[in-house]
>>> print(open('target.cif').read())   # mmCIF, C-alpha atoms and all ligand atoms
data_target
loop_
_atom_site.label_atom_id
_atom_site.label_comp_id
_atom_site.auth_asym_id
_atom_site.auth_seq_id
_atom_site.Cartn_x
_atom_site.Cartn_y
_atom_site.Cartn_z
CA MET W 1 96.90 89.01 93.24
CA LYS W 2 97.69 89.52 89.54
CA LYS W 3 99.61 87.04 87.42
CA ILE W 4 102.08 88.74 85.12
CA LEU W 5 104.13 87.30 82.28
CA ILE W 6 107.54 88.95 81.98
CA THR W 7 109.38 88.31 78.71
CA GLY W 8 113.10 89.06 79.00
CA GLY W 9 112.68 89.08 82.77
CA MET W 10 116.18 87.73 83.39
CA GLY W 11 117.74 90.86 81.85
CA TYR W 12 118.81 94.13 83.43
CA ILE W 13 115.54 96.07 83.57
CA GLY W 14 113.34 92.97 83.66
CA SER W 15 115.00 91.49 86.76
CA HIS W 16 114.61 94.75 88.68
CA THR W 17 110.96 94.97 87.64
CA VAL W 18 110.35 91.36 88.75
CA VAL W 19 111.66 92.29 92.22
CA GLU W 20 109.33 95.30 92.51
CA LEU W 21 106.35 93.24 91.32
CA ILE W 22 107.01 90.39 93.74
CA ASP W 23 107.51 92.88 96.58
CA ARG W 24 104.00 94.17 95.86
CA GLY W 25 102.42 90.74 95.97
CA ASN W 26 102.20 89.91 92.27
CA ASP W 27 102.63 86.41 90.88
CA VAL W 28 105.32 86.57 88.22
CA PHE W 29 106.21 84.17 85.39
CA ILE W 30 109.45 84.86 83.50
CA VAL W 31 110.30 83.66 80.01
CA ASP W 32 113.74 84.37 78.59
CA ASN W 33 116.02 82.64 76.09
CA LEU W 34 119.09 83.68 78.15
CA SER W 35 120.71 85.14 75.03
CA ASN W 36 121.84 88.12 77.12
CA SER W 37 121.34 86.98 80.70
CA SER W 38 122.26 84.35 83.24
CA LEU W 39 120.35 81.65 85.15
CA GLU W 40 121.92 82.97 88.33
CA VAL W 41 119.47 85.92 88.19
CA ILE W 42 116.71 83.67 89.55
CA ASN W 43 118.74 82.87 92.69
CA ARG W 44 119.49 86.55 93.20
CA ILE W 45 115.82 87.51 92.86
CA GLU W 46 114.97 84.82 95.40
CA LYS W 47 117.60 86.21 97.82
CA ILE W 48 116.11 89.70 97.58
CA THR W 49 112.42 88.79 97.69
CA SER W 50 112.45 85.41 99.49
CA LYS W 51 110.39 84.13 96.60
CA LYS W 52 111.52 82.18 93.54
CA PRO W 53 109.63 83.36 90.49
CA ALA W 54 108.41 80.83 87.93
CA PHE W 55 110.83 80.73 85.01
CA LYS W 56 111.05 78.90 81.68
CA VAL W 57 113.77 79.09 79.05
CA ILE W 58 111.68 80.11 76.06
CA ASP W 59 112.58 81.85 72.84
CA CYS W 60 109.62 84.13 72.13
CA CYS W 61 110.34 83.74 68.43
CA LYS W 62 109.38 80.05 68.67
CA PHE W 63 105.61 80.17 68.59
CA ASP W 64 104.81 76.63 69.75
CA GLU W 65 107.01 76.63 72.83
CA PHE W 66 105.83 80.14 73.70
CA GLU W 67 102.19 79.06 73.30
CA GLN W 68 102.60 76.32 75.90
CA VAL W 69 103.16 79.03 78.54
CA PHE W 70 99.79 80.60 77.65
CA LYS W 71 98.09 77.20 77.64
CA ASP W 72 99.38 76.47 81.16
CA ASN W 73 98.76 79.86 82.76
CA LYS W 74 96.10 82.57 82.83
CA PHE W 75 97.82 85.95 82.79
CA ASP W 76 96.37 89.33 83.71
CA ALA W 77 99.13 91.24 81.92
CA VAL W 78 102.40 90.97 80.04
CA ILE W 79 105.52 93.14 80.23
CA HIS W 80 107.56 92.63 77.08
CA PHE W 81 111.24 93.32 77.75
CA ALA W 82 112.60 90.57 75.49
CA GLY W 83 114.65 92.02 72.68
CA LEU W 84 118.13 92.68 71.41
CA LYS W 85 119.34 96.17 72.30
CA ALA W 86 122.84 96.97 71.08
CA VAL W 87 122.74 99.84 68.60
CA GLY W 88 126.13 99.09 67.00
CA GLU W 89 125.39 95.38 66.61
CA SER W 90 122.06 96.22 65.00
CA VAL W 91 123.88 98.19 62.30
CA GLU W 92 126.11 95.16 61.63
CA LYS W 93 123.31 92.57 61.81
CA PRO W 94 120.04 94.28 60.89
CA LEU W 95 118.20 91.07 59.99
CA LEU W 96 118.96 89.53 63.37
CA TYR W 97 117.44 92.58 65.06
CA PHE W 98 114.38 92.76 62.84
CA GLU W 99 113.73 89.05 63.18
CA ASN W 100 114.26 88.75 66.92
CA ASN W 101 112.50 91.92 68.02
CA LEU W 102 109.61 91.80 65.55
CA VAL W 103 108.85 88.06 65.43
CA SER W 104 108.89 87.79 69.23
CA THR W 105 106.38 90.65 69.41
CA PHE W 106 104.12 89.21 66.65
CA ASN W 107 104.03 85.90 68.50
CA LEU W 108 103.29 87.61 71.78
CA VAL W 109 100.41 89.72 70.47
CA LYS W 110 98.89 86.75 68.59
CA LEU W 111 99.03 84.67 71.77
CA MET W 112 97.58 87.48 73.88
CA GLU W 113 94.70 87.70 71.42
CA LYS W 114 94.17 83.93 71.33
CA TYR W 115 94.24 83.56 75.13
CA ASN W 116 92.37 86.79 75.83
CA VAL W 117 95.12 88.64 77.71
CA ASN W 118 94.45 92.34 77.27
CA ASN W 119 97.16 94.32 79.09
CA LEU W 120 100.60 94.83 77.56
CA VAL W 121 103.54 97.00 78.60
CA PHE W 122 106.12 97.38 75.85
CA SER W 123 109.77 98.45 76.36
CA SER W 124 110.27 101.23 73.89
CA SER W 125 113.10 103.72 73.99
CA ALA W 126 113.97 107.39 73.76
CA THR W 127 115.77 106.33 70.60
CA VAL W 128 112.40 106.69 68.76
CA TYR W 129 112.81 110.49 68.97
CA GLY W 130 115.99 110.34 66.85
CA LYS W 131 117.72 113.70 67.04
CA PRO W 132 115.08 115.87 68.75
CA GLU W 133 114.66 119.46 67.61
CA SER W 134 114.65 120.66 71.19
CA VAL W 135 114.86 119.39 74.76
CA PRO W 136 113.18 118.42 76.99
CA ILE W 137 111.44 115.81 74.86
CA TYR W 138 107.65 115.44 75.08
CA GLU W 139 105.74 112.32 74.06
CA ASP W 140 104.15 114.06 71.07
CA PHE W 141 107.48 115.01 69.47
CA PRO W 142 108.03 113.67 65.91
CA LEU W 143 109.39 110.13 65.72
CA HIS W 144 112.29 109.12 63.53
CA VAL W 145 115.11 106.67 63.97
CA THR W 146 118.68 106.33 62.81
CA ASN W 147 119.59 102.66 63.24
CA PRO W 148 117.99 99.20 62.89
CA TYR W 149 117.58 98.76 66.66
CA GLY W 150 115.66 102.03 66.88
CA ARG W 151 113.67 101.05 63.82
CA THR W 152 112.50 97.83 65.51
CA LYS W 153 111.22 99.91 68.44
CA LEU W 154 109.41 102.37 66.20
CA MET W 155 107.98 99.59 64.01
CA ILE W 156 106.66 97.77 67.07
CA GLU W 157 105.15 101.00 68.40
CA ASP W 158 103.43 101.52 65.01
CA ILE W 159 102.17 97.93 64.94
CA LEU W 160 100.77 98.23 68.46
CA ARG W 161 99.13 101.58 67.63
CA ASP W 162 97.43 100.03 64.58
CA TYR W 163 96.45 96.91 66.49
CA SER W 164 94.95 98.81 69.41
CA LYS W 165 92.79 100.90 67.07
CA VAL W 166 90.79 97.84 66.06
CA HIS W 167 90.93 96.03 69.43
CA PRO W 168 89.29 98.40 71.89
CA LYS W 169 89.59 95.90 74.75
CA PHE W 170 93.38 95.80 74.32
CA ASN W 171 95.33 98.09 76.68
CA VAL W 172 98.91 98.85 75.78
CA ALA W 173 101.53 101.12 77.30
CA LEU W 174 104.49 102.22 75.19
CA LEU W 175 107.18 103.13 77.70
CA ARG W 176 110.02 105.20 76.29
CA TYR W 177 112.94 104.66 78.61
CA PHE W 178 115.73 107.21 78.76
CA ASN W 179 119.11 105.97 80.08
CA PRO W 180 118.76 103.38 82.85
CA ILE W 181 121.79 102.98 85.13
CA GLY W 182 122.33 101.94 88.74
CA ALA W 183 121.42 98.64 90.32
CA HIS W 184 119.35 97.19 93.13
CA PRO W 185 120.68 98.64 96.42
CA SER W 186 121.30 95.07 97.66
CA GLY W 187 124.09 94.73 95.09
CA LEU W 188 122.62 91.36 94.08
CA ILE W 189 121.28 92.26 90.61
CA GLY W 190 122.57 94.75 88.08
CA GLU W 191 123.68 95.28 84.50
CA ASP W 192 125.98 92.54 83.22
CA PRO W 193 127.11 93.33 79.68
CA ASN W 194 128.92 90.78 77.54
CA GLY W 195 132.48 91.78 76.65
CA ILE W 196 133.53 95.42 76.54
CA PRO W 197 130.53 97.59 77.45
CA ASN W 198 129.05 99.92 74.85
CA ASN W 199 127.26 102.11 77.36
CA LEU W 200 128.77 104.78 79.55
CA MET W 201 128.06 103.59 83.09
CA PRO W 202 129.22 99.96 82.82
CA TYR W 203 132.31 101.22 81.00
CA ILE W 204 133.10 103.66 83.83
CA THR W 205 132.59 101.05 86.57
CA GLN W 206 134.99 98.71 84.75
CA VAL W 207 137.56 101.52 84.57
CA ALA W 208 137.06 102.22 88.28
CA ILE W 209 137.63 98.58 89.21
CA GLY W 210 140.71 98.36 86.99
CA LYS W 211 139.38 96.04 84.27
CA LEU W 212 139.66 98.77 81.62
CA PRO W 213 142.47 101.32 81.57
CA CYS W 214 140.64 104.49 80.66
CA LEU W 215 137.29 105.88 79.52
CA ASN W 216 136.99 107.15 75.95
CA VAL W 217 134.80 110.25 75.98
CA PHE W 218 133.16 110.39 72.57
CA GLY W 219 133.34 114.05 71.59
CA ASP W 220 133.78 117.29 73.54
CA ASP W 221 132.50 119.63 70.85
CA TYR W 222 128.74 119.11 71.25
CA LYS W 223 126.51 122.11 71.88
CA THR W 224 126.15 121.25 75.58
CA LYS W 225 127.22 122.69 78.93
CA ASP W 226 130.77 121.26 78.70
CA GLY W 227 130.85 119.95 75.14
CA THR W 228 130.18 116.30 76.05
CA GLY W 229 126.91 114.45 75.37
CA VAL W 230 124.00 115.03 77.74
CA ARG W 231 121.56 112.26 78.71
CA ASP W 232 118.70 111.66 81.12
CA TYR W 233 120.02 108.91 83.40
CA ILE W 234 117.38 107.13 85.46
CA HIS W 235 117.92 104.69 88.31
CA VAL W 236 116.82 101.23 87.19
CA VAL W 237 114.76 100.78 90.39
CA ASP W 238 112.81 103.96 89.60
CA LEU W 239 112.29 102.64 86.09
CA ALA W 240 111.09 99.30 87.48
CA ILE W 241 108.57 101.09 89.72
CA GLY W 242 107.37 102.94 86.61
CA HIS W 243 106.24 99.54 85.26
CA VAL W 244 104.30 98.75 88.43
CA LEU W 245 102.49 102.11 88.17
CA THR W 246 101.84 101.57 84.48
CA LEU W 247 100.19 98.20 85.11
CA ASP W 248 97.81 99.85 87.60
CA LYS W 249 96.87 102.28 84.83
CA LEU W 250 96.27 99.50 82.30
CA TYR W 251 93.93 97.66 84.65
CA LYS W 252 91.63 100.70 84.35
CA ASN W 253 91.20 100.13 80.57
CA PRO W 254 92.79 103.26 79.11
CA GLY W 255 93.43 101.82 75.62
CA LEU W 256 96.83 102.94 74.34
CA VAL W 257 99.07 105.16 76.46
CA THR W 258 102.61 106.42 75.88
CA TYR W 259 104.97 107.66 78.58
CA ASN W 260 108.50 108.97 78.81
CA LEU W 261 110.29 107.42 81.78
CA GLY W 262 113.28 109.51 82.80
CA THR W 263 114.08 112.02 85.51
CA GLY W 264 113.83 115.19 83.44
CA ASN W 265 117.47 116.05 84.26
CA GLY W 266 120.30 116.02 81.73
CA TYR W 267 123.84 115.19 82.82
CA SER W 268 126.94 115.40 80.65
CA VAL W 269 129.50 112.63 80.31
CA LEU W 270 131.97 114.65 82.36
CA GLU W 271 129.40 115.25 85.10
CA VAL W 272 128.81 111.50 85.31
CA VAL W 273 132.58 110.89 85.45
CA LYS W 274 132.86 113.39 88.30
CA ALA W 275 129.96 111.87 90.22
CA MET W 276 131.46 108.41 89.79
CA SER W 277 134.84 109.64 91.06
CA VAL W 278 133.10 110.79 94.22
CA ALA W 279 131.09 107.55 94.57
CA THR W 280 134.13 105.32 94.08
CA GLY W 281 136.71 107.51 95.77
CA LYS W 282 138.89 106.90 92.71
CA ASP W 283 140.17 108.92 89.82
CA ILE W 284 138.46 107.93 86.56
CA PRO W 285 141.06 108.47 83.84
CA TYR W 286 139.60 109.53 80.50
CA ILE W 287 140.66 110.73 77.09
CA ILE W 288 138.66 112.73 74.60
CA LYS W 289 138.01 110.80 71.38
CA PRO W 290 136.10 111.73 68.21
CA ARG W 291 132.32 111.68 68.31
CA ARG W 292 130.67 108.24 68.09
CA ALA W 293 128.65 107.78 64.90
CA GLY W 294 124.95 108.36 65.42
CA ASP W 295 125.25 110.10 68.82
CA ILE W 296 123.28 113.25 69.53
CA ASP W 297 124.06 116.32 71.66
CA GLU W 298 121.31 116.23 74.22
CA CYS W 299 118.49 113.89 75.15
CA TYR W 300 116.36 114.36 78.22
CA ALA W 301 112.71 113.89 78.97
CA ASN W 302 109.78 115.90 80.07
CA CYS W 303 108.06 113.44 82.43
CA ASP W 304 104.98 115.50 83.36
CA LYS W 305 102.61 113.13 81.56
CA ALA W 306 103.76 110.06 83.49
CA LYS W 307 103.64 112.07 86.71
CA LYS W 308 100.12 113.28 86.06
CA GLU W 309 98.61 110.04 84.73
CA ILE W 310 100.40 107.32 86.73
CA GLY W 311 102.01 109.24 89.61
CA PHE W 312 105.53 108.47 88.38
CA LYS W 313 108.40 110.48 89.80
CA ALA W 314 111.97 109.23 89.99
CA LYS W 315 113.19 109.36 93.56
CA TYR W 316 116.88 108.59 93.07
CA GLY W 317 119.41 111.20 91.89
CA LEU W 318 122.74 110.82 90.11
CA LYS W 319 124.53 110.28 93.43
CA GLU W 320 122.46 107.19 94.27
CA MET W 321 122.70 105.91 90.69
CA CYS W 322 126.51 106.08 90.92
CA ARG W 323 126.56 104.58 94.43
CA ASP W 324 124.47 101.58 93.35
CA SER W 325 126.27 101.01 90.04
CA TRP W 326 129.52 100.91 91.96
CA ASN W 327 128.13 98.69 94.72
CA TRP W 328 127.00 96.18 92.05
CA GLN W 329 130.38 96.27 90.30
CA LEU W 330 132.33 95.86 93.56
CA ASN W 331 130.22 92.93 94.74
CA ASN W 332 130.20 91.24 91.33
CA PRO W 333 133.50 92.02 89.61
CA ASN W 334 132.68 89.44 86.92
CA GLY W 335 128.94 90.06 86.78
CA TYR W 336 126.91 86.88 87.33
CA ARG W 337 129.80 84.62 86.26
P1 LIG W 401 118.72 92.94 78.51
O1 LIG W 401 119.45 92.46 77.32
O2 LIG W 401 119.44 92.95 79.81
O3 LIG W 401 117.36 92.12 78.70
C1 LIG W 401 116.64 91.62 77.62
C2 LIG W 401 116.37 90.15 77.88
O4 LIG W 401 115.62 89.61 76.78
C3 LIG W 401 117.64 89.32 78.01
O5 LIG W 401 117.60 88.58 79.22
C4 LIG W 401 117.60 88.39 76.79
O6 LIG W 401 118.17 87.12 77.08
C5 LIG W 401 116.13 88.32 76.50
N1 LIG W 401 115.74 88.02 75.11
C6 LIG W 401 116.19 88.61 73.98
N2 LIG W 401 115.56 88.07 72.90
C7 LIG W 401 114.71 87.13 73.36
C8 LIG W 401 113.81 86.23 72.75
N3 LIG W 401 113.67 86.17 71.42
N4 LIG W 401 113.09 85.40 73.54
C9 LIG W 401 113.23 85.42 74.89
N5 LIG W 401 114.08 86.24 75.52
C10 LIG W 401 114.82 87.09 74.77
O7 LIG W 401 118.18 94.41 78.19
P2 LIG W 401 117.55 95.50 79.15
O8 LIG W 401 118.51 96.61 79.27
O9 LIG W 401 117.00 94.86 80.34
O10 LIG W 401 116.37 96.02 78.20
C11 LIG W 401 115.06 95.49 78.27
C12 LIG W 401 114.23 96.11 77.16
O11 LIG W 401 114.27 97.54 77.28
C13 LIG W 401 114.75 95.80 75.75
O12 LIG W 401 113.64 95.60 74.91
C14 LIG W 401 115.49 97.06 75.37
O13 LIG W 401 115.51 97.25 73.98
C15 LIG W 401 114.67 98.13 76.06
N6 LIG W 401 115.45 99.36 76.36
C16 LIG W 401 116.62 99.27 77.05
C17 LIG W 401 117.37 100.42 77.31
C18 LIG W 401 118.69 100.36 78.03
O14 LIG W 401 119.46 101.32 77.93
N7 LIG W 401 118.98 99.29 78.79
C19 LIG W 401 116.90 101.67 76.87
C20 LIG W 401 115.68 101.73 76.19
C21 LIG W 401 114.96 100.55 75.94
N1 LIG W 402 129.82 107.65 75.95
C1 LIG W 402 131.17 107.91 76.02
N2 LIG W 402 132.02 106.84 76.13
C2 LIG W 402 131.59 105.55 76.19
C3 LIG W 402 130.18 105.30 76.12
C4 LIG W 402 129.34 106.38 75.99
O1 LIG W 402 131.60 109.06 75.96
O2 LIG W 402 132.41 104.63 76.29
C5 LIG W 402 128.88 108.79 75.85
C6 LIG W 402 128.02 108.78 74.60
O3 LIG W 402 128.70 109.43 73.55
C7 LIG W 402 126.77 109.53 75.08
C8 LIG W 402 126.66 109.13 76.56
O4 LIG W 402 127.97 108.69 76.93
O5 LIG W 402 126.97 110.91 75.02
C9 LIG W 402 125.67 108.01 76.80
O6 LIG W 402 125.97 106.91 75.96
P1 LIG W 402 125.35 105.45 76.19
O7 LIG W 402 125.97 104.56 75.17
O8 LIG W 402 125.47 105.06 77.61
O9 LIG W 402 123.81 105.68 75.91
P2 LIG W 402 123.07 106.25 74.62
O10 LIG W 402 122.36 107.49 75.04
O11 LIG W 402 123.96 106.34 73.46
O12 LIG W 402 122.03 105.08 74.29
C10 LIG W 402 121.23 104.46 75.30
C11 LIG W 402 120.93 103.02 74.88
C12 LIG W 402 120.08 103.01 73.63
C13 LIG W 402 118.84 103.82 73.87
C14 LIG W 402 119.21 105.22 74.30
C15 LIG W 402 117.98 106.02 74.64
O13 LIG W 402 122.14 102.33 74.61
O14 LIG W 402 119.68 101.70 73.36
O15 LIG W 402 120.05 105.17 75.46
O16 LIG W 402 117.23 105.36 75.59
F1 LIG W 402 118.13 103.87 72.72
#
>>> encode(input="target.cif", output="structure tokens", more="lines below")
Ligand code: NAD
Ligand code: UFG
Amino acid sequence: MKKILITGGMGYIGSHTVVELIDRGNDVFIVDNLSNSSLEVINRIEKITSKKPAFKVIDCCKFDEFEQVFKDNKFDAVIHFAGLKAVGESVEKPLLYFENNLVSTFNLVKLMEKYNVNNLVFSSSATVYGKPESVPIYEDFPLHVTNPYGRTKLMIEDILRDYSKVHPKFNVALLRYFNPIGAHPSGLIGEDPNGIPNNLMPYITQVAIGKLPCLNVFGDDYKTKDGTGVRDYIHVVDLAIGHVLTLDKLYKNPGLVTYNLGTGNGYSVLEVVKAMSVATGKDIPYIIKPRRAGDIDECYANCDKAKKEIGFKAKYGLKEMCRDSWNWQLNNPNGYR
């Protein structure tokens, strides 16, 4: 049995990963400052897995309180989900993003070094590819970013690349997630954004349930199949399983590895709207609005490397992603509140 520290484990992707890890017999310890999550998540994880994971309210930016967790536990690995993730907010408050995302990671890596923990999975993002010159996107494509949130991800990737060069015992996986949607099929955990959602799927589910009147489709003049933006949506449970597979790879001492985690399929906004209409049995009203600043035409992954090296292949399609997003929304009209 491995003991795994999960920073940000109360959040959307973290909570789903905790479930998959517990289901496979791992011992999990969550730290989270609850800045974007709810205590209720622990009860929901316990309902799904019949096991209550260890949890402490810790801000990873506060070194001393974070260190206590390392003093009290011997971890085999860490998955570092903790971070702020809203692109628009990062443009408004760049210092908050740099401080939270970078300082938490500095503290984590220093503590891993001090307590001799040598396996780290880091939540990076497809945002590090900026506007790619072509699709699908391979891991060796040039990296450039367009907003402070993306810059924190690229800076942390750079820091971890430099660090791993001089620490050969240190194994680190940079996982570049594409667009996670969906929820655990139980309907007990899912994405619970604060206020009006920024991202497409939670916005659509709130339209479908009648909390928002209509979806704004940001641009229909992109160079895509129907003019609307194309993304690689991946079911959050598939993404969670990607972390389990990645940990198995790290235990074999590979040094630094980088993987795209997506499905390899691109769907347009209007295709997602259509699929959600079918899943919900409801009309999803929408209006076409101007493009959103910073958005790109198309973003989808080539996932051959993750398939070859860790055996990763997403098993859920758009239909199941829509089904489970809707199931979560229906069962939890106000999220965890
Ligand atoms: P989330 O906001 O649901 O989860 C992040 C968790 O980290 C939250 O529970 C929050 O309370 C916690 N947290 C933030 N700062 C912290 C700190 N200083 N100390 C302790 N806890 C802290 O986000 P998510 O969607 O689950 O994303 C997880 C990770 O994946 C993030 O790093 C995010 O940037 C990255 N990512 C997300 C997406 C996406 O679309 N959801 C895409 C690519 C990458
Ligand atoms: N969109 C709309 N209306 C909305 C919201 C989104 O039309 O109300 C469109 C966007 O223009 C885009 C697509 O839906 O074409 C997807 O947008 P999201 O906001 O859901 O996702 P993004 O691809 O913009 O960004 C997400 C995360 C980023 C991450 C990136 C790559 O929010 O943090 O995926 O992983 F970096």
>>> atom_distance(input="target.cif", atom1="atom C8 of ligand LIG 401 (chain W)", atom2="atom CA of Phe170 of chain W")
22.6 Å
>>> residues_around(input="target.cif", residues="Leu21 of chain W", least_positions_apart="5", cutoff="9 Å", atoms="only C-alpha atoms", output="number ranges by chain")
W: 4, 16, 26-28, 240-241, 243-244
>>> closest_atom_pairs(input="target.cif", of="chain W", to="ligand LIG 402 (chain W)", cutoff="8 Å", atoms="only C-alpha atoms and all ligand atoms", output="JSON lines")
{"residue": "W:Lys85", "atom": "CA", "partner": "W:LIG402", "partner_atom": "O14", "distance": 5.6}
{"residue": "W:Ala86", "atom": "CA", "partner": "W:LIG402", "partner_atom": "O14", "distance": 6.1}
{"residue": "W:Val87", "atom": "CA", "partner": "W:LIG402", "partner_atom": "O14", "distance": 6.0}
{"residue": "W:Ser125", "atom": "CA", "partner": "W:LIG402", "partner_atom": "O16", "distance": 4.7}
{"residue": "W:Ala126", "atom": "CA", "partner": "W:LIG402", "partner_atom": "O16", "distance": 4.3}
{"residue": "W:Thr127", "atom": "CA", "partner": "W:LIG402", "partner_atom": "F1", "distance": 4.0}
{"residue": "W:Val128", "atom": "CA", "partner": "W:LIG402", "partner_atom": "F1", "distance": 7.5}
{"residue": "W:Tyr149", "atom": "CA", "partner": "W:LIG402", "partner_atom": "O14", "distance": 7.6}
{"residue": "W:Gly150", "atom": "CA", "partner": "W:LIG402", "partner_atom": "F1", "distance": 6.6}
{"residue": "W:Arg176", "atom": "CA", "partner": "W:LIG402", "partner_atom": "O16", "distance": 7.2}
{"residue": "W:Tyr177", "atom": "CA", "partner": "W:LIG402", "partner_atom": "O16", "distance": 5.3}
{"residue": "W:Phe178", "atom": "CA", "partner": "W:LIG402", "partner_atom": "O16", "distance": 4.0}
{"residue": "W:Asn179", "atom": "CA", "partner": "W:LIG402", "partner_atom": "O15", "distance": 4.8}
{"residue": "W:Pro180", "atom": "CA", "partner": "W:LIG402", "partner_atom": "O16", "distance": 7.7}
{"residue": "W:Pro197", "atom": "CA", "partner": "W:LIG402", "partner_atom": "O2", "distance": 7.4}
{"residue": "W:Asn198", "atom": "CA", "partner": "W:LIG402", "partner_atom": "O7", "distance": 5.6}
{"residue": "W:Asn199", "atom": "CA", "partner": "W:LIG402", "partner_atom": "O8", "distance": 3.5}
{"residue": "W:Leu200", "atom": "CA", "partner": "W:LIG402", "partner_atom": "C3", "distance": 3.7}
{"residue": "W:Met201", "atom": "CA", "partner": "W:LIG402", "partner_atom": "O8", "distance": 6.2}
{"residue": "W:Tyr203", "atom": "CA", "partner": "W:LIG402", "partner_atom": "O2", "distance": 5.8}
{"residue": "W:Ile204", "atom": "CA", "partner": "W:LIG402", "partner_atom": "O2", "distance": 7.6}
{"residue": "W:Leu215", "atom": "CA", "partner": "W:LIG402", "partner_atom": "O2", "distance": 6.0}
{"residue": "W:Asn216", "atom": "CA", "partner": "W:LIG402", "partner_atom": "N2", "distance": 5.0}
{"residue": "W:Val217", "atom": "CA", "partner": "W:LIG402", "partner_atom": "O1", "distance": 3.4}
{"residue": "W:Phe218", "atom": "CA", "partner": "W:LIG402", "partner_atom": "O1", "distance": 4.0}
{"residue": "W:Gly219", "atom": "CA", "partner": "W:LIG402", "partner_atom": "O3", "distance": 6.8}
{"residue": "W:Thr228", "atom": "CA", "partner": "W:LIG402", "partner_atom": "O5", "distance": 6.4}
{"residue": "W:Gly229", "atom": "CA", "partner": "W:LIG402", "partner_atom": "O5", "distance": 3.6}
{"residue": "W:Val230", "atom": "CA", "partner": "W:LIG402", "partner_atom": "O5", "distance": 5.8}
{"residue": "W:Arg231", "atom": "CA", "partner": "W:LIG402", "partner_atom": "O10", "distance": 6.1}
{"residue": "W:Ser268", "atom": "CA", "partner": "W:LIG402", "partner_atom": "O5", "distance": 7.2}
{"residue": "W:Val269", "atom": "CA", "partner": "W:LIG402", "partner_atom": "O4", "distance": 5.4}
{"residue": "W:Arg291", "atom": "CA", "partner": "W:LIG402", "partner_atom": "O3", "distance": 6.8}
{"residue": "W:Arg292", "atom": "CA", "partner": "W:LIG402", "partner_atom": "O3", "distance": 5.9}
{"residue": "W:Asp295", "atom": "CA", "partner": "W:LIG402", "partner_atom": "O3", "distance": 5.9}
{"residue": "W:Ile296", "atom": "CA", "partner": "W:LIG402", "partner_atom": "O5", "distance": 7.0}
{"residue": "W:Asp297", "atom": "CA", "partner": "W:LIG402", "partner_atom": "O5", "distance": 7.0}
{"residue": "W:Glu298", "atom": "CA", "partner": "W:LIG402", "partner_atom": "O5", "distance": 7.8}
{"residue": "W:Cys299", "atom": "CA", "partner": "W:LIG402", "partner_atom": "O10", "distance": 7.5}
>>> atom_distance(input="target.cif", atom1="atom CA of Val103 of chain W", atom2="atom CA of Gly190 of chain W")
27.3 Å
>>> residues_around(input="target.cif", residues="Asp59 of chain W", least_positions_apart="5", cutoff="12 Å", atoms="only C-alpha atoms", output="MDAnalysis selection string")
chainID W and resid 7:8 30:36 64:69 82:83 100:101 103:105 107:108
>>> closest_residue(input="target.cif", among="W:Lys289, W:His80, W:Lys282, W:Lys169", to="ligand LIG 401 (chain W)", atoms="all atoms listed in the file")
W:His80
>>> closest_residue(input="target.cif", among="W:Pro193, W:Gly317, W:Gly182, W:Gly187", to="ligand LIG 401 (chain W)", atoms="all atoms listed in the file")
W:Pro193
